[in-house]
Every structure is written in structure tokens, then in C-alpha cells.
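> Before I ask anything, let me first share the structure, which is written out below as C-alpha cells.
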Amino acid sequence: MASILESVNQRTQLVGQNRLELLLFKLNGRQRFGINVFKVKEVLQCPPLTKLPKLSSYIRGIAQIRGQTLSVIDLSAATGGKPILDVSDCFIIISEYNRSVQGFLVKSVERIINTNWEDIMPPPNGTGKTSYLTAVTEIEGELVEILDVEKILDEISPVKTDLSEAAQEQLTIDKDKSYHIMVIDDSSVARKQIIRSLESLGLQIDTAKDGREALNMLLRFAEDQENLADEIPLIISDIEMPEMDGYTLTSEIRANPKLKDIKVVLHTSLSGVFNQAMVEKVGADDFIAKFNPDELATKVNKHLCIDV
């Protein structure tokens, strides 16, 4: 386990090369799952858990870890499986998503593997709205599932998407212009959260579920355009996505004469370890940590109202 922890701490340099490392783990059964190492803060043996009343049934308890109180989520139960019964020999993956730190209870932790985003594929068609998959890949002839953690967290503690009155009063966007933007995220829940937060801005919004799909859409839109930024001035993109990540997508946009003037705001759940140097390297215009509707709307307003 010590070697895994060392790897988690040291191997975060692949981002921006359309590569990633996955920490493999299991819940109940033989199915392997993966979580991006960049999201992992620590892996440790499950400590004693304190049960509190009125918590979600998916939260097994509260743990005190290095002076911090964390909710520990039974990842098997939260994804529709059987609860993990005996936690004495289980592990907790401590991760950071959407400005919060939480622990995921898993049965076992295996190892870290190095792969390409090109080898991470969207879930198969027909998985349905109840699926908790955001991507799949194949490792050693076996399917590895990558969970939609944002969906899991939103079901346990729904994210607020309404803008505050104070934020709405600060908006200067001309709603009559009906600006056309694109939202790119592999999580259907995240896409819906963004759209709900921006509804009051009167935007026309296209969506894509990964960088490859978004780039293909942009190239189609650009066929009859000298400068697509006149039609689509702004995109909001997640970073971690199947087939093509947000960094690579941004680089592709900047390298294409017809796309290069589109403003790119990277919208990421990597709030605590965000790589500002990489954002500047690929030419993104801005970034924002998920998920704060006021901040998101303010950023969109800023980049669409350049002269204000």
C-alpha cells in the first residue's frame, strides 16, 4: 500500500498529454473500477467510523483523519449494489471533488496503471439514465468501469444551481443577443447543472460529452465560417473526459485558424490541485472549480461581455 500512496503523491505530471493514471479498485465482486490518480489525496485502511443520525443511507459514517472530519461513502451501495458489510479489511480512497473532500469505501485497492484518454471510451449505448458509468476502458482483457462521481455526490447532497440575487444583479449580458456557447462534460449530471445555472442568461447552448465529440462538432460548424468565434464565442469544458481531455481539446482549438479565437473556460472538479501552468500552456482563457453557479455565470458574463 505504501507504494500506491507514493505513486498517488508523485504521478500527477501526465495531465496535458492526453494521458492519465488510474487507481484500480474493487467493490463487491470481481468487477474492476478506476479513479483518476489526480483526484486522489490518500488511500488508507478504513479507520473506525462513527454513525450519525439523519445521514444518507449511502454514508457509512464519519471518520476523523489527520484532524479533518470526512463523510465515508459506501461506493457499492451508492451505485446500486450491495452494501459492503465488513469494513474491517476495507480501504478508503480519500478524494477531492467539487471543492469538497470525501472518503469512498471500497473493498480492495489494486494498483495504478498508466493509459491514454484515447483508450478511455464513453459508456456503451443503452446503459440508460440510471447508469453510474461515465467511461470504460480495457485493462489486460478485462473491462474497467469509471464511475460518474459527480452523479453519486449530487444524489447524496444535491448541488445548488440557482443564481443568487446578488450574482444576477451583477450580470451585464444582453439577453436579446442570445449568445451561442458550447458545454462539454462527460457527466450528464454536470452538463445539466451548468445548463440550469446559465438559463437566466438567455444563452443558446450546445452540449458534447467529450473532447473528441466537441472538436468534431466545432469542425462541422466551422466548414462555412471564416472565424467560428463569431458564431460560438465561448465554450465551457471539463478537463477529464474520454477519448480527448480538455487540455488537448484546447490545444486543438488554438491550433486551428477557424477555431482559435473561441474563448475556452476550463471547468474542473480538480479544485485543490489545479495546474495553472498547464492552463496557460494550452491557451485556455480561464478556469473555474466545480461547482459554484454564481462564479460560473460571472465568468461567462465576463467573457461574453468583453467591452463591459
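We name chains A, B, ... following the order of the C-alpha cells; residues begin at 1 in each chain, and ligands are numbered from 1 as shown.
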If you run DSSP over the backbone, which residues in segment 12-257 of chain A end up helix (DSSP H, G or I)? Put them as number ranges by chain.

A: 37-39, 75-78, 117-119, 149-156, 165-170, 175-177, 188-201, 211-224, 228-230, 246-255

> At a cut-off of 6 Å, can you tabulate as a Markdown table every residue of segment 89-147 of chain A near segment 218-242 of chain A together with its closest atom pair and the distance in Å to one decimal, using only C-alpha atoms and ordering rows by chain then number?


| residue | atom | partner | partner_atom | distance |
| --- | --- | --- | --- | --- |
| A:Trp117 | CA | A:Pro242 | CA | 5.5 |
| A:Ile120 | CA | A:Pro242 | CA | 4.8 |
| A:Met121 | CA | A:Pro242 | CA | 5.2 |

> What does the file look like for those residues with C-alpha atoms, as a PDB file, in the first residue's frame?


ATOM      1  CA  TRP A 117      -7.501   9.206 -22.717  1.00  0.00           C
ATOM      2  CA  ILE A 120     -10.980   5.653 -22.299  1.00  0.00           C
ATOM      3  CA  MET A 121     -14.308   5.294 -24.058  1.00  0.00           C
TER       4      MET A 121
END

> Would you kindly return, as an MDAnalysis selection string, each protein, DNA or RNA residue with an atom no farther than 8 Å from any atom of segment 285-293 of chain A, considering only C-alpha atoms and excluding same-chain residues fewer than 4 positions away?

chainID A and resid 97:99 159:163 194 197:198 263:271 279:280 297

> Please write the residues from the selection above to a file, keeping N, CA and C atoms, as a short mmCIF file (atom, residue, chain, number, x, y, z; two decimals), in the first residue's frame.


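Final output, result_25.cif:
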data_model
loop_
_atom_site.label_atom_id
_atom_site.label_comp_id
_atom_site.auth_asym_id
_atom_site.auth_seq_id
_atom_site.Cartn_x
_atom_site.Cartn_y
_atom_site.Cartn_z
N TYR A 97 -13.46 16.28 -4.88
CA TYR A 97 -14.36 16.58 -5.99
C TYR A 97 -15.16 17.82 -5.63
N ASN A 98 -15.26 18.73 -6.58
CA ASN A 98 -16.18 19.86 -6.45
C ASN A 98 -16.04 20.60 -5.13
N ARG A 99 -14.80 20.94 -4.80
CA ARG A 99 -14.49 21.78 -3.63
C ARG A 99 -14.74 21.09 -2.30
N VAL A 159 -26.57 19.51 -5.64
CA VAL A 159 -25.87 20.76 -5.84
C VAL A 159 -26.87 21.88 -6.13
N LYS A 160 -26.65 23.03 -5.53
CA LYS A 160 -27.47 24.21 -5.80
C LYS A 160 -27.08 24.77 -7.16
N THR A 161 -28.09 25.02 -8.01
CA THR A 161 -27.80 25.54 -9.35
C THR A 161 -28.40 26.93 -9.59
N ASP A 162 -29.23 27.41 -8.69
CA ASP A 162 -29.85 28.72 -8.87
C ASP A 162 -28.85 29.83 -8.56
N LEU A 163 -28.90 30.90 -9.34
CA LEU A 163 -28.05 32.04 -9.08
C LEU A 163 -28.61 32.86 -7.92
N ILE A 194 -24.77 22.81 -15.25
CA ILE A 194 -24.28 24.01 -15.93
C ILE A 194 -25.42 24.70 -16.67
N SER A 197 -27.77 26.49 -14.39
CA SER A 197 -27.17 27.69 -13.80
C SER A 197 -27.13 28.85 -14.79
N LEU A 198 -27.09 28.54 -16.08
CA LEU A 198 -26.94 29.59 -17.09
C LEU A 198 -28.25 29.93 -17.79
N LYS A 263 -13.18 31.54 -27.05
CA LYS A 263 -12.71 31.58 -25.66
C LYS A 263 -13.03 30.25 -24.99
N VAL A 264 -12.08 29.77 -24.19
CA VAL A 264 -12.22 28.48 -23.52
C VAL A 264 -12.10 28.67 -22.02
N VAL A 265 -13.16 28.28 -21.32
CA VAL A 265 -13.14 28.26 -19.86
C VAL A 265 -13.13 26.80 -19.42
N LEU A 266 -12.06 26.39 -18.73
CA LEU A 266 -11.98 25.03 -18.23
C LEU A 266 -12.69 24.97 -16.88
N HIS A 267 -13.62 24.03 -16.78
CA HIS A 267 -14.50 23.91 -15.61
C HIS A 267 -14.22 22.55 -15.00
N THR A 268 -13.52 22.53 -13.87
CA THR A 268 -12.96 21.28 -13.39
C THR A 268 -13.27 21.00 -11.94
N SER A 269 -13.38 19.71 -11.62
CA SER A 269 -13.55 19.31 -10.22
C SER A 269 -12.20 19.18 -9.52
N LEU A 270 -11.11 19.43 -10.22
CA LEU A 270 -9.78 19.38 -9.63
C LEU A 270 -9.48 20.68 -8.90
N SER A 271 -10.24 20.96 -7.87
CA SER A 271 -10.16 22.28 -7.24
C SER A 271 -8.91 22.48 -6.41
N VAL A 279 -2.82 25.31 -17.72
CA VAL A 279 -3.90 26.12 -18.30
C VAL A 279 -3.30 27.16 -19.24
N GLU A 280 -2.25 27.83 -18.79
CA GLU A 280 -1.60 28.85 -19.60
C GLU A 280 -0.89 28.23 -20.80
N ALA A 297 -21.59 31.73 -13.75
CA ALA A 297 -22.32 32.75 -14.50
C ALA A 297 -21.50 34.03 -14.64
#

> Pick out the closest residue to Ala190 of chain A from this set: A:Val109, A:Ala208, A:Ala77, A:Leu20. Count only C-alpha atoms.

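The shortest atom-to-atom distance to Ala190 of chain A comes from A:Ala208.
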
> Between A:Asn256, A:Gln204, A:Thr172, A:Gln45, single out the one closest to His303 of chain A, counting only C-alpha atoms.

A:Thr172

> Give me the residues within 7 Å of Lys51 of chain A as a ChimeraX atom specification, counting only C-alpha atoms and dropping any in the same chain fewer than 2 places off.

/A:49,53,60-62

> Env of Asp89 of chain A: 12 Å cut, atoms = only C-alpha atoms, seq-sep filter 2 positions within chain, self excluded. Answer as a PDB file with C-alpha atoms, in the first residue's frame.


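Final output, out_2.pdb:
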ATOM      1  CA  LEU A  44      -5.687   4.160   3.749  1.00  0.00           C
ATOM      2  CA  GLN A  45      -7.079   1.262   5.697  1.00  0.00           C
ATOM      3  CA  CYS A  46     -10.627   2.005   6.806  1.00  0.00           C
ATOM      4  CA  PRO A  47     -10.472   3.639  10.273  1.00  0.00           C
ATOM      5  CA  PRO A  48     -13.225   3.350  12.907  1.00  0.00           C
ATOM      6  CA  ILE A  84     -20.025  -3.522   1.890  1.00  0.00           C
ATOM      7  CA  LEU A  85     -20.776  -5.354   5.130  1.00  0.00           C
ATOM      8  CA  ASP A  86     -17.439  -5.888   6.862  1.00  0.00           C
ATOM      9  CA  VAL A  87     -15.291  -2.747   6.729  1.00  0.00           C
ATOM     10  CA  PHE A  91      -9.948   0.751   2.335  1.00  0.00           C
ATOM     11  CA  ILE A  92     -10.921   4.378   1.974  1.00  0.00           C
ATOM     12  CA  LEU A 105     -15.285   2.973   0.995  1.00  0.00           C
ATOM     13  CA  VAL A 106     -14.013   0.216  -1.305  1.00  0.00           C
ATOM     14  CA  LYS A 107     -13.360  -3.469  -0.754  1.00  0.00           C
ATOM     15  CA  SER A 108      -9.831  -3.542  -2.122  1.00  0.00           C
ATOM     16  CA  VAL A 109      -7.279  -1.358  -3.886  1.00  0.00           C
TER      17      VAL A 109
END
